[in-house]
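S.K.: For reference, this is entry00.tsv, and it has TSV, C-alpha atoms and all ligand atoms.
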chain	number	residue	atom	x	y	z
A	9	MET	CA	-71.33	128.22	124.87
A	10	TYR	CA	-70.21	129.50	128.26
A	11	TYR	CA	-68.08	132.39	129.35
A	12	LYS	CA	-65.32	132.08	131.91
A	13	LEU	CA	-64.55	134.83	134.38
A	14	PRO	CA	-60.94	136.06	134.32
A	15	GLU	CA	-58.95	135.73	137.55
A	16	PHE	CA	-59.10	138.56	140.05
A	17	GLU	CA	-58.26	139.40	143.65
A	18	TYR	CA	-61.37	139.50	145.86
A	19	LYS	CA	-62.24	141.27	149.10
A	20	ARG	CA	-65.59	141.52	150.86
A	21	ALA	CA	-66.30	144.61	152.95
A	22	GLU	CA	-68.29	144.10	156.14
A	23	ASN	CA	-69.09	147.79	156.64
A	24	LEU	CA	-68.87	151.12	154.84
A	25	HIS	CA	-65.80	152.29	156.76
A	26	GLN	CA	-63.92	149.15	155.71
A	27	ALA	CA	-65.05	149.53	152.09
A	28	LEU	CA	-63.81	153.12	151.87
A	29	ASP	CA	-60.51	152.06	153.46
A	30	VAL	CA	-59.98	149.41	150.78
A	31	LEU	CA	-60.93	151.80	147.95
A	32	LYS	CA	-58.24	154.19	149.22
A	33	GLU	CA	-55.60	151.71	148.00
A	34	GLY	CA	-56.73	152.36	144.39
A	35	ASP	CA	-57.66	150.05	141.46
A	36	TRP	CA	-60.50	148.26	143.29
A	37	LYS	CA	-63.72	147.74	141.33
A	38	ILE	CA	-66.94	147.72	143.33
A	39	LEU	CA	-69.29	144.74	142.99
A	40	ALA	CA	-72.85	145.43	144.15
A	41	GLY	CA	-75.49	143.16	142.56
A	42	GLY	CA	-73.07	142.13	139.82
A	43	THR	CA	-75.83	142.08	137.18
A	44	ASP	CA	-73.86	144.46	134.95
A	45	LEU	CA	-70.30	143.91	136.14
A	46	ILE	CA	-70.12	140.12	136.04
A	47	LEU	CA	-71.65	140.06	132.57
A	48	ASP	CA	-69.16	142.69	131.38
A	49	MET	CA	-66.28	140.63	132.81
A	50	LYS	CA	-67.54	137.46	131.15
A	51	ILE	CA	-67.68	139.09	127.72
A	52	GLY	CA	-64.36	140.89	128.23
A	53	ARG	CA	-65.76	144.43	128.24
A	54	GLN	CA	-64.18	144.98	131.67
A	55	SER	CA	-61.33	143.11	133.28
A	56	PRO	CA	-60.71	144.50	136.76
A	57	LYS	CA	-57.88	142.83	138.66
A	58	LYS	CA	-59.34	143.62	142.10
A	59	ILE	CA	-63.00	143.25	143.11
A	60	LEU	CA	-64.46	144.78	146.26
A	61	ASP	CA	-67.74	143.07	147.17
A	62	ILE	CA	-70.15	145.44	148.97
A	63	THR	CA	-73.22	143.17	148.90
A	64	ARG	CA	-73.17	142.84	152.70
A	65	LEU	CA	-73.34	146.55	153.41
A	66	GLY	CA	-76.82	146.63	154.95
A	67	GLU	CA	-76.14	150.22	156.01
A	68	LEU	CA	-76.48	151.25	152.33
A	69	ARG	CA	-80.02	149.83	152.08
A	70	TYR	CA	-82.60	152.37	153.21
A	71	VAL	CA	-85.25	154.86	152.12
A	72	ARG	CA	-85.85	157.92	154.28
A	73	ALA	CA	-88.08	160.95	153.81
A	74	TYR	CA	-87.05	164.28	155.28
A	75	ASN	CA	-87.95	167.88	154.55
A	76	GLY	CA	-89.50	167.36	151.11
A	77	LYS	CA	-86.72	165.04	150.01
A	78	MET	CA	-86.16	161.32	149.82
A	79	PHE	CA	-82.81	159.79	150.71
A	80	ILE	CA	-82.07	156.42	149.14
A	81	GLY	CA	-79.10	154.28	150.15
A	82	GLY	CA	-77.02	153.36	147.10
A	83	GLY	CA	-77.07	149.67	148.01
A	84	SER	CA	-80.88	149.50	147.95
A	85	ARG	CA	-82.09	146.68	145.75
A	86	LEU	CA	-84.42	147.65	142.92
A	87	GLN	CA	-87.10	145.25	144.17
A	88	GLU	CA	-86.94	146.79	147.66
A	89	LEU	CA	-87.54	150.21	146.13
A	90	LEU	CA	-90.40	148.89	144.02
A	91	GLU	CA	-92.07	147.51	147.15
A	92	ASN	CA	-91.46	150.65	149.19
A	93	ALA	CA	-94.69	152.60	149.82
A	94	LEU	CA	-92.85	155.92	150.25
A	95	VAL	CA	-91.10	155.55	146.88
A	96	LYS	CA	-94.41	154.68	145.23
A	97	GLU	CA	-96.16	157.68	146.74
A	98	LYS	CA	-93.42	160.33	146.61
A	99	LEU	CA	-91.40	159.28	143.55
A	100	PRO	CA	-93.94	157.79	141.13
A	101	LEU	CA	-91.63	158.21	138.13
A	102	LEU	CA	-88.86	156.20	139.77
A	103	SER	CA	-91.32	153.55	140.91
A	104	SER	CA	-92.77	153.21	137.37
A	105	ALA	CA	-89.30	152.99	135.84
A	106	ILE	CA	-88.18	150.25	138.24
A	107	TYR	CA	-91.41	148.35	137.61
A	108	GLU	CA	-90.35	148.15	133.94
A	109	MET	CA	-86.79	146.99	134.70
A	110	ALA	CA	-85.49	143.49	134.12
A	111	SER	CA	-87.18	140.66	136.05
A	112	TRP	CA	-88.00	139.99	139.70
A	113	GLN	CA	-84.86	137.83	140.00
A	114	ILE	CA	-82.57	140.55	138.63
A	115	ARG	CA	-84.28	143.36	140.58
A	116	ASN	CA	-83.81	141.33	143.76
A	117	VAL	CA	-80.01	141.63	143.53
A	118	ALA	CA	-79.48	144.70	141.33
A	119	THR	CA	-78.91	147.99	143.14
A	120	ILE	CA	-79.87	151.53	142.25
A	121	ALA	CA	-76.26	152.74	142.58
A	122	GLY	CA	-75.18	149.99	140.18
A	123	ASN	CA	-77.71	151.16	137.60
A	124	ILE	CA	-76.47	154.74	137.84
A	125	CYS	CA	-72.74	153.95	138.05
A	126	ASN	CA	-72.90	151.60	135.08
A	127	ALA	CA	-74.00	154.72	133.16
A	128	SER	CA	-75.70	153.00	130.26
A	129	PRO	CA	-77.58	155.48	128.04
A	130	ALA	CA	-80.51	153.08	128.58
A	131	ALA	CA	-80.30	153.01	132.41
A	132	ASP	CA	-83.94	153.11	133.38
A	133	SER	CA	-83.58	154.84	136.75
A	134	ALA	CA	-81.76	157.78	135.14
A	135	PRO	CA	-84.59	159.75	133.44
A	136	PRO	CA	-86.71	159.88	136.64
A	137	LEU	CA	-83.70	160.93	138.74
A	138	LEU	CA	-82.90	163.67	136.19
A	139	ILE	CA	-86.50	164.93	136.38
A	140	TYR	CA	-86.37	165.12	140.18
A	141	ASP	CA	-82.99	166.99	140.05
A	142	ALA	CA	-81.50	164.27	142.25
A	143	LYS	CA	-78.04	164.55	143.76
A	144	VAL	CA	-75.56	161.77	144.41
A	145	LYS	CA	-73.39	161.57	147.52
A	146	LEU	CA	-69.96	160.22	146.64
A	147	SER	CA	-67.92	159.10	149.63
A	148	SER	CA	-64.25	158.28	150.06
A	149	SER	CA	-62.01	157.74	153.09
A	150	SER	CA	-61.30	161.48	153.11
A	151	GLY	CA	-64.94	162.64	153.12
A	152	SER	CA	-67.98	163.09	150.88
A	153	ARG	CA	-69.03	165.35	148.04
A	154	THR	CA	-72.43	165.86	146.45
A	155	LEU	CA	-73.03	166.19	142.72
A	156	PRO	CA	-76.19	166.89	140.72
A	157	ILE	CA	-77.04	163.73	138.78
A	158	SER	CA	-76.95	165.76	135.54
A	159	GLU	CA	-73.22	166.31	136.16
A	160	PHE	CA	-72.61	162.70	137.16
A	161	PHE	CA	-73.25	161.18	133.72
A	162	LEU	CA	-70.41	162.05	131.34
A	163	GLY	CA	-71.00	159.63	128.44
A	164	PRO	CA	-71.62	155.97	127.66
A	165	ARG	CA	-70.36	154.10	130.75
A	166	LYS	CA	-68.48	157.20	131.93
A	167	THR	CA	-69.28	159.03	135.15
A	168	ALA	CA	-67.74	161.64	137.41
A	169	ILE	CA	-66.99	159.12	140.21
A	170	SER	CA	-63.34	158.39	140.98
A	171	SER	CA	-61.95	154.94	141.73
A	172	TYR	CA	-61.54	155.95	145.40
A	173	GLU	CA	-65.21	156.79	145.79
A	174	LEU	CA	-68.42	154.89	146.44
A	175	LEU	CA	-71.93	156.14	145.64
A	176	GLU	CA	-73.36	156.15	149.14
A	177	GLU	CA	-76.70	157.91	148.79
A	178	ILE	CA	-79.10	159.52	146.34
A	179	GLU	CA	-80.95	162.62	147.48
A	180	VAL	CA	-84.21	163.07	145.60
A	181	PRO	CA	-86.43	166.14	146.01
A	182	THR	CA	-90.13	165.30	145.60
A	183	LEU	CA	-92.46	167.12	143.20
A	184	ASP	CA	-95.84	168.00	144.66
A	185	GLY	CA	-98.80	169.01	142.50
A	186	TYR	CA	-97.14	167.91	139.25
A	187	PHE	CA	-98.47	165.67	136.53
A	188	GLN	CA	-95.87	162.88	136.29
A	189	TRP	CA	-95.58	160.40	133.42
A	190	TYR	CA	-93.05	157.69	132.49
A	191	TYR	CA	-92.94	155.45	129.44
A	192	LYS	CA	-90.41	152.84	128.38
A	193	LEU	CA	-90.66	151.93	124.72
A	194	GLY	CA	-88.95	148.62	123.97
A	195	ARG	CA	-88.92	146.07	121.19
A	196	ARG	CA	-91.31	144.04	123.31
A	197	HIS	CA	-93.38	144.83	126.36
A	198	ALA	CA	-91.49	143.09	129.17
A	199	PHE	CA	-87.91	142.20	130.13
A	200	THR	CA	-86.24	144.38	127.54
A	201	LEU	CA	-83.91	147.36	127.21
A	202	SER	CA	-85.47	150.61	126.06
A	203	VAL	CA	-85.52	151.90	122.49
A	204	VAL	CA	-86.58	155.23	124.00
A	205	SER	CA	-87.55	156.00	127.57
A	206	ALA	CA	-89.22	159.25	128.56
A	207	ALA	CA	-90.06	160.84	131.88
A	208	VAL	CA	-92.12	164.02	132.02
A	209	ALA	CA	-93.28	166.17	134.94
A	210	LEU	CA	-95.24	169.36	134.46
A	211	LYS	CA	-97.44	171.94	136.10
A	212	ILE	CA	-100.03	174.16	134.40
A	213	GLU	CA	-101.32	177.22	136.24
A	214	ASN	CA	-104.00	179.52	134.79
A	215	GLY	CA	-103.61	177.79	131.43
A	216	ILE	CA	-99.85	178.43	131.32
A	217	PHE	CA	-97.02	175.88	131.56
A	218	SER	CA	-95.44	177.07	134.82
A	219	ASP	CA	-92.91	174.20	134.86
A	220	VAL	CA	-92.00	171.46	132.40
A	221	ARG	CA	-89.33	168.82	132.95
A	222	ILE	CA	-88.46	166.22	130.33
A	223	ALA	CA	-85.79	163.51	130.55
A	224	LEU	CA	-84.97	160.94	127.91
A	225	GLY	CA	-83.01	157.68	127.78
A	226	SER	CA	-81.46	155.71	124.88
A	227	VAL	CA	-81.44	158.70	122.53
A	228	ALA	CA	-78.05	160.28	123.35
A	229	PRO	CA	-74.65	159.11	124.65
A	230	LYS	CA	-76.04	159.59	128.17
A	231	PRO	CA	-79.49	160.05	129.70
A	232	VAL	CA	-80.46	163.71	129.09
A	233	ARG	CA	-82.86	166.47	130.02
A	234	ALA	CA	-84.59	168.01	126.98
A	235	TYR	CA	-83.90	171.58	128.11
A	236	THR	CA	-84.68	173.11	124.69
A	237	VAL	CA	-88.20	171.70	124.64
A	238	GLU	CA	-88.68	172.57	128.32
A	239	ASN	CA	-87.69	176.20	127.71
A	240	GLU	CA	-89.86	176.41	124.60
A	241	LEU	CA	-92.89	175.50	126.72
A	242	LYS	CA	-92.29	177.25	130.03
A	243	GLY	CA	-94.43	180.38	130.32
A	244	LYS	CA	-96.41	179.50	127.19
A	245	GLU	CA	-100.12	178.83	126.90
A	246	ALA	CA	-100.89	175.13	127.31
A	247	ASN	CA	-102.39	174.28	123.92
A	248	VAL	CA	-101.90	171.78	121.12
A	249	SER	CA	-100.09	174.11	118.73
A	250	GLU	CA	-97.55	175.22	121.36
A	251	ILE	CA	-96.86	171.57	122.19
A	252	GLU	CA	-96.45	170.55	118.55
A	253	ARG	CA	-94.12	173.49	117.89
A	254	ALA	CA	-91.99	172.83	120.98
A	255	VAL	CA	-91.68	169.07	120.48
A	256	GLU	CA	-90.10	169.61	117.04
A	257	LYS	CA	-87.16	171.25	118.86
A	258	VAL	CA	-86.22	167.97	120.57
A	259	ALA	CA	-83.70	167.44	117.77
A	260	GLU	CA	-81.54	170.01	119.60
A	261	ASP	CA	-81.58	167.92	122.78
A	262	ILE	CA	-80.93	164.41	121.49
A	263	SER	CA	-78.54	162.62	119.13
A	264	PRO	CA	-79.86	159.08	118.73
A	265	ILE	CA	-77.88	156.37	116.99
A	266	SER	CA	-78.94	153.32	115.01
A	267	ASP	CA	-78.21	150.05	116.80
A	268	VAL	CA	-79.59	146.53	117.20
A	269	ARG	CA	-82.69	147.85	118.94
A	270	ALA	CA	-83.79	150.63	116.53
A	271	SER	CA	-82.71	153.11	113.89
A	272	ALA	CA	-81.89	156.72	114.74
A	273	GLU	CA	-84.80	157.85	112.54
A	274	TYR	CA	-87.25	155.65	114.45
A	275	ARG	CA	-85.93	156.96	117.76
A	276	PHE	CA	-86.51	160.57	116.64
A	277	LYS	CA	-90.07	159.80	115.60
A	278	ALA	CA	-90.82	157.76	118.72
A	279	THR	CA	-89.41	160.47	121.01
A	280	LYS	CA	-91.64	163.12	119.46
A	281	ALA	CA	-94.70	160.86	119.64
A	282	LEU	CA	-94.04	160.02	123.31
A	283	LEU	CA	-93.52	163.65	124.26
A	284	LYS	CA	-96.73	164.74	122.55
A	285	GLU	CA	-98.64	161.99	124.32
A	286	ALA	CA	-97.22	163.00	127.71
A	287	LEU	CA	-97.80	166.72	127.19
A	288	PHE	CA	-101.36	166.24	125.92
A	289	LYS	CA	-102.11	164.00	128.90
A	290	GLY	CA	-100.63	166.63	131.21
A	291	MET	CA	-102.85	169.28	129.65
A	292	LYS	CA	-105.89	167.09	130.19
A	293	TYR	CA	-104.84	166.39	133.79
A	294	PHE	CA	-104.92	170.12	134.53
A	295	GLY	CA	-108.35	170.60	132.96
A	296	GLY	CA	-107.76	170.81	129.25
A	297	GLY	CA	-106.02	174.01	128.15
A	298	SER	CA	-107.07	175.64	124.91
A	299	GLY	CA	-106.56	175.08	121.18
B	1	LIG	C1	-81.12	140.09	132.29
B	1	LIG	C2	-80.85	141.53	132.61
B	1	LIG	C3	-81.85	142.47	132.39
B	1	LIG	C4	-81.61	143.82	132.66
B	1	LIG	N1	-82.61	144.72	132.44
B	1	LIG	C5	-82.40	146.04	132.68
B	1	LIG	C6	-83.44	147.00	132.42
B	1	LIG	O1	-84.55	146.68	132.01
B	1	LIG	N2	-83.13	148.30	132.66
B	1	LIG	C7	-81.93	148.72	133.12
B	1	LIG	O2	-81.73	149.91	133.32
B	1	LIG	N3	-80.94	147.82	133.39
B	1	LIG	C8	-81.15	146.51	133.18
B	1	LIG	N4	-80.14	145.59	133.44
B	1	LIG	C9	-78.85	146.06	133.94
B	1	LIG	C10	-78.61	145.92	135.46
B	1	LIG	O3	-79.41	144.94	136.05
B	1	LIG	C11	-78.84	147.26	136.20
B	1	LIG	O4	-78.06	148.27	135.62
B	1	LIG	C12	-78.54	147.13	137.71
B	1	LIG	O5	-79.19	148.16	138.41
B	1	LIG	C13	-77.06	147.14	138.03
B	1	LIG	O6	-76.91	147.07	139.45
B	1	LIG	P1	-75.89	146.08	140.17
B	1	LIG	O7	-76.04	146.30	141.62
B	1	LIG	O8	-76.09	144.69	139.67
B	1	LIG	O9	-74.51	146.66	139.63
B	1	LIG	P2	-73.03	145.96	139.43
B	1	LIG	O10	-73.14	145.07	138.28
B	1	LIG	O11	-72.64	145.34	140.74
B	1	LIG	O12	-72.21	147.22	139.16
B	1	LIG	C14	-72.41	148.00	138.00
B	1	LIG	C15	-71.36	149.13	137.98
B	1	LIG	O13	-71.59	150.05	139.05
B	1	LIG	C16	-70.48	150.12	139.94
B	1	LIG	N5	-71.06	150.27	141.28
B	1	LIG	C17	-72.04	149.50	141.84
B	1	LIG	N6	-72.39	150.00	143.04
B	1	LIG	C18	-71.61	151.09	143.25
B	1	LIG	C19	-71.51	152.04	144.32
B	1	LIG	N7	-72.30	152.00	145.41
B	1	LIG	N8	-70.60	153.04	144.19
B	1	LIG	C20	-69.80	153.12	143.09
B	1	LIG	N9	-69.85	152.26	142.05
B	1	LIG	C21	-70.76	151.26	142.14
B	1	LIG	C22	-69.70	148.84	139.70
B	1	LIG	O14	-68.33	148.97	140.03
B	1	LIG	C23	-69.92	148.63	138.21
B	1	LIG	O15	-69.08	149.46	137.47
B	1	LIG	C24	-80.35	144.23	133.18
B	1	LIG	C25	-79.36	143.27	133.42
B	1	LIG	C26	-79.59	141.94	133.15
B	1	LIG	C27	-78.51	140.93	133.40
What is this structure when it is put down as structure tokens?
Ligand SMILES: Cc1cc2nc3c(=O)[nH]c(=O)nc-3n(C[C@H](O)[C@H](O)[C@H](O)COP(=O)(O)OP(=O)(O)OC[C@H]3O[C@@H](n4cnc5c(N)ncnc54)[C@H](O)[C@@H]3O)c2cc1C
M.R.:
Amino acid sequence: MYYKLPEFEYKRAENLHQALDVLKEGDWKILAGGTDLILDMKIGRQSPKKILDITRLGELRYVRAYNGKMFIGGGSRLQELLENALVKEKLPLLSSAIYEMASWQIRNVATIAGNICNASPAADSAPPLLIYDAKVKLSSSSGSRTLPISEFFLGPRKTAISSYELLEEIEVPTLDGYFQWYYKLGRRHAFTLSVVSAAVALKIENGIFSDVRIALGSVAPKPVRAYTVENELKGKEANVSEIERAVEKVAEDISPISDVRASAEYRFKATKALLKEALFKGMKYFGGGSG
């Protein structure tokens, strides 16, 4: 069985200025790596009439560090980010998440902006970016605006970007002195979509949770921060009973569904187990805690 692409008008942008000029006309769909879009077109989930190819925009492929933040060009390939020493050192959660994504062949063409803009609840780069409180720079021919990533995801495959805009850059503050942990639970170990993915960053000072950040994928219509659990823990003593009590509240943060990969019930149980593991490990990292 093979799938045929529908007909479409095609333009290739040679630079960012040209790309934004074309987008101004309206109705153009951006093609970056094509690893989501082409598949969607083949199965009829999307049928854009006009495709703007931005694969040649080298100016969107960079990683820069400045003033406690990392700046990542939207066109950066996942494999480039995985091999980038700065990303590995400064953004370990993002690096771990990308390591778990797809295969070398896919990561070599797939872009980080494509992963975010496709807005799958299972997008693996999303939980780390939510933890870091990343911001996205959305550019059009009339200028740029910056949005927190938490406001960018609106629902399954829905984002706050308009058809005139292009995701140019991701601004990612780094977290120093934090315990950082990422886990992707899938139906098998490699080359799979997540059943649940969890990213956790935390700090314990004088036996107290001074900061806790938790982000989850594949357990809600969009990747989410577990603010209820975070707030239950912040300012509390770092001990087993506080963790067990707080983790039970995750039901207020997520709304998993049953699908081909897992049942909603399994996702609830797995989420709680992953969070406990991360929080216990965090406690150990900072010297134990009590209880
Ligand atoms: C075999 C296979 C395995 C996969 N495994 C995983 C996995 O483990 N984890 C995971 O999260 N994903 C996985 N994916 C999905 C996919 O590879 C990623 O989501 C990838 O990052 C998409 O990037 P892309 O550049 O190919 O996007 P495209 O397919 O080119 O675009 C995706 C969407 O983003 C839009 N877009 C792209 N760039 C921009 C931009 N700069 N500005 C505005 N809009 C833009 C496009 O218009 C389109 O709507 C897999 C896909 C395949 C085929």
S.K.: Distance limit 8 Å, reference ligand LIG 1 (chain B), atoms considered: only C-alpha atoms and all ligand atoms. Which residues make the cut? Give them as a PyMOL selection string.
M.R.: chain A and resi 37-47+62+82-83+85-86+106+108-111+114-115+117-128+130-133+146+169+173-176+199-202
S.K.: Report, in Å with one decimal, the straight-line distance from atom CA of Val144 of chain A to atom CA of Ile212 of chain A.
M.R.: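 Taking atom CA of Val144 of chain A and atom CA of Ile212 of chain A, their separation equals 29.2 Å.
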S.K.: Give me, please, the distance in Å between atom CA of Ser263 of chain A and atom CA of Leu287 of chain A, quoted to one decimal.
M.R.: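 Taking atom CA of Ser263 of chain A as the start and atom CA of Leu287 of chain A as the end point, the length is 21.3 Å.
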S.K.: Need the shell around Gly81 of chain A: protein/DNA/RNA residues with any atom at most 7 Å away, counting only C-alpha atoms. Skip same-chain ones fewer than 4 positions apart. Format as a ChimeraX atom specification?
M.R.: /A:68-71,176-178
S.K.: Take the residues that were just selected and, keeping C-alpha atoms, output them as a short mmCIF file (atom, residue, chain, number, x, y, z; two decimals), in the frame of the given file.
M.R.:
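Now in part.cif:
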data_model
loop_
_atom_site.label_atom_id
_atom_site.label_comp_id
_atom_site.auth_asym_id
_atom_site.auth_seq_id
_atom_site.Cartn_x
_atom_site.Cartn_y
_atom_site.Cartn_z
CA LEU A 68 -76.48 151.25 152.33
CA ARG A 69 -80.02 149.83 152.08
CA TYR A 70 -82.60 152.37 153.21
CA VAL A 71 -85.25 154.86 152.12
CA GLU A 176 -73.36 156.15 149.14
CA GLU A 177 -76.70 157.91 148.79
CA ILE A 178 -79.10 159.52 146.34
#
S.K.: Select, counting only C-alpha atoms, all protein, DNA and RNA residues no farther than 10 Å from (-69.4, 152.3, 130.5) in file coordinates, and express the selection as an NGL selection string.
M.R.: :A and (48 or 53-54 or 125-129 or 162-167)
S.K.: Fewer than 5 positions away in the same chain doesn't count, so skip those; otherwise give me all residues within 10 Å of segment 73-75 of chain A, counting all atoms listed in the file, as a ChimeraX atom specification.
M.R.: /A:80,94-95,98,179-182
S.K.: Need to verify the contact set: segment 59-61 of chain A, 10 Å, all atoms listed in the file, exclusion of same-chain residues closer than 2 positions in sequence. Can you return it as a list in words?
M.R.: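 Residues meeting the cut-off are Phe16, Glu17, Tyr18, Lys19, Arg20, Ala21, Glu22, Ala27, Val30, Leu31, Asp35, Trp36, Lys37, Ile38, Leu39, Ala40, Gly41, Gly42, Ser55, Pro56, Lys57, Thr63, Arg64 and Leu65 of chain A.
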S.K.: So that I have them on file, write out the residues from the current selection with C-alpha atoms, as an mmCIF file, in the frame of the given file.
M.R.:
data_model
loop_
_atom_site.group_PDB
_atom_site.id
_atom_site.type_symbol
_atom_site.label_atom_id
_atom_site.label_comp_id
_atom_site.auth_asym_id
_atom_site.auth_seq_id
_atom_site.Cartn_x
_atom_site.Cartn_y
_atom_site.Cartn_z
ATOM 1 C CA PHE A 16 -59.100 138.560 140.050
ATOM 2 C CA GLU A 17 -58.260 139.400 143.650
ATOM 3 C CA TYR A 18 -61.370 139.500 145.860
ATOM 4 C CA LYS A 19 -62.240 141.270 149.100
ATOM 5 C CA ARG A 20 -65.590 141.520 150.860
ATOM 6 C CA ALA A 21 -66.300 144.610 152.950
ATOM 7 C CA GLU A 22 -68.290 144.100 156.140
ATOM 8 C CA ALA A 27 -65.050 149.530 152.090
ATOM 9 C CA VAL A 30 -59.980 149.410 150.780
ATOM 10 C CA LEU A 31 -60.930 151.800 147.950
ATOM 11 C CA ASP A 35 -57.660 150.050 141.460
ATOM 12 C CA TRP A 36 -60.500 148.260 143.290
ATOM 13 C CA LYS A 37 -63.720 147.740 141.330
ATOM 14 C CA ILE A 38 -66.940 147.720 143.330
ATOM 15 C CA LEU A 39 -69.290 144.740 142.990
ATOM 16 C CA ALA A 40 -72.850 145.430 144.150
ATOM 17 C CA GLY A 41 -75.490 143.160 142.560
ATOM 18 C CA GLY A 42 -73.070 142.130 139.820
ATOM 19 C CA SER A 55 -61.330 143.110 133.280
ATOM 20 C CA PRO A 56 -60.710 144.500 136.760
ATOM 21 C CA LYS A 57 -57.880 142.830 138.660
ATOM 22 C CA THR A 63 -73.220 143.170 148.900
ATOM 23 C CA ARG A 64 -73.170 142.840 152.700
ATOM 24 C CA LEU A 65 -73.340 146.550 153.410
#
S.K.: Considering all atoms listed in the file, give me a table of residues in segment 13-97 of chain A that are at most 12 Å from segment 183-187 of chain A, with the closest atom pair and distance in Å for each, as JSON lines.
M.R.:
{"residue": "A:Gly76", "atom": "CA", "partner": "A:Leu183", "partner_atom": "CA", "distance": 8.4}
{"residue": "A:Lys77", "atom": "CA", "partner": "A:Leu183", "partner_atom": "CA", "distance": 9.1}
{"residue": "A:Met78", "atom": "CA", "partner": "A:Leu183", "partner_atom": "CA", "distance": 10.8}
{"residue": "A:Glu97", "atom": "CA", "partner": "A:Asp184", "partner_atom": "CA", "distance": 10.5}
S.K.: Can you work out the spacing between atom CA of Arg195 of chain A and atom CA of Pro135 of chain A in Å, to one decimal?
M.R.: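 These atoms are spaced 18.9 Å apart.
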S.K.: When you count all atoms listed in the file, which of these residues is closest to Ala168 of chain A: A:Lys145, A:Gly296, A:Thr279, A:Gly151?
M.R.: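 Comparing A:Lys145, A:Gly296, A:Thr279, A:Gly151 against Ala168 of chain A, the winner is A:Lys145.
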S.K.: Taking (-61.3, 157.5, 155.0) in the coordinates of the supplied file, I want to know which residues reach to within 8 Å of it, counting all atoms listed in the file; could you give the answer as a list in words?
M.R.: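 The residues that fall inside the cut-off are His25, Leu28, Asp29, Lys32, Ser148, Ser149, Ser150 and Gly151 of chain A.
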S.K.: For segment 289-293 of chain A, work out the shell of residues within 12 Å, counting only C-alpha atoms and skipping chain neighbours fewer than 3 positions away, then give it as a PyMOL selection string.
M.R.: chain A and resi 185-190+208-221+245-248+250-251+282-286+296-299
S.K.: Take the structure in the block and write a file for segment 23-36 of chain A, N, CA and C atoms, as a PDB file, in the first residue's frame.
M.R.:
ATOM      1  N   ASN A  23      15.823  32.859   1.998  1.00  0.00           N
ATOM      2  CA  ASN A  23      16.214  33.521   3.245  1.00  0.00           C
ATOM      3  C   ASN A  23      14.962  33.881   4.047  1.00  0.00           C
ATOM      4  N   LEU A  24      15.194  34.287   5.286  1.00  0.00           N
ATOM      5  CA  LEU A  24      14.070  34.535   6.200  1.00  0.00           C
ATOM      6  C   LEU A  24      13.171  35.664   5.685  1.00  0.00           C
ATOM      7  N   HIS A  25      13.797  36.717   5.194  1.00  0.00           N
ATOM      8  CA  HIS A  25      13.049  37.869   4.697  1.00  0.00           C
ATOM      9  C   HIS A  25      12.061  37.429   3.600  1.00  0.00           C
ATOM     10  N   GLN A  26      12.584  36.612   2.695  1.00  0.00           N
ATOM     11  CA  GLN A  26      11.739  36.105   1.594  1.00  0.00           C
ATOM     12  C   GLN A  26      10.598  35.225   2.131  1.00  0.00           C
ATOM     13  N   ALA A  27      10.928  34.401   3.124  1.00  0.00           N
ATOM     14  CA  ALA A  27       9.910  33.509   3.687  1.00  0.00           C
ATOM     15  C   ALA A  27       8.772  34.320   4.312  1.00  0.00           C
ATOM     16  N   LEU A  28       9.130  35.352   5.081  1.00  0.00           N
ATOM     17  CA  LEU A  28       8.101  36.154   5.746  1.00  0.00           C
ATOM     18  C   LEU A  28       7.264  36.918   4.724  1.00  0.00           C
ATOM     19  N   ASP A  29       7.901  37.313   3.629  1.00  0.00           N
ATOM     20  CA  ASP A  29       7.202  38.008   2.543  1.00  0.00           C
ATOM     21  C   ASP A  29       6.143  37.104   1.897  1.00  0.00           C
ATOM     22  N   VAL A  30       6.506  35.845   1.699  1.00  0.00           N
ATOM     23  CA  VAL A  30       5.563  34.887   1.101  1.00  0.00           C
ATOM     24  C   VAL A  30       4.407  34.619   2.076  1.00  0.00           C
ATOM     25  N   LEU A  31       4.746  34.430   3.362  1.00  0.00           N
ATOM     26  CA  LEU A  31       3.704  34.123   4.357  1.00  0.00           C
ATOM     27  C   LEU A  31       2.663  35.232   4.444  1.00  0.00           C
ATOM     28  N   LYS A  32       3.105  36.458   4.154  1.00  0.00           N
ATOM     29  CA  LYS A  32       2.218  37.631   4.199  1.00  0.00           C
ATOM     30  C   LYS A  32       1.010  37.454   3.274  1.00  0.00           C
ATOM     31  N   GLU A  33       1.224  36.701   2.192  1.00  0.00           N
ATOM     32  CA  GLU A  33       0.131  36.509   1.208  1.00  0.00           C
ATOM     33  C   GLU A  33      -1.013  35.682   1.792  1.00  0.00           C
ATOM     34  N   GLY A  34      -0.728  34.908   2.868  1.00  0.00           N
ATOM     35  CA  GLY A  34      -1.765  34.080   3.503  1.00  0.00           C
ATOM     36  C   GLY A  34      -1.869  32.698   2.891  1.00  0.00           C
ATOM     37  N   ASP A  35      -2.364  31.732   3.691  1.00  0.00           N
ATOM     38  CA  ASP A  35      -2.649  30.353   3.246  1.00  0.00           C
ATOM     39  C   ASP A  35      -1.438  29.491   2.916  1.00  0.00           C
ATOM     40  N   TRP A  36      -0.216  29.977   3.203  1.00  0.00           N
ATOM     41  CA  TRP A  36       0.958  29.134   2.946  1.00  0.00           C
ATOM     42  C   TRP A  36       1.236  28.274   4.169  1.00  0.00           C
TER      43      TRP A  36
END
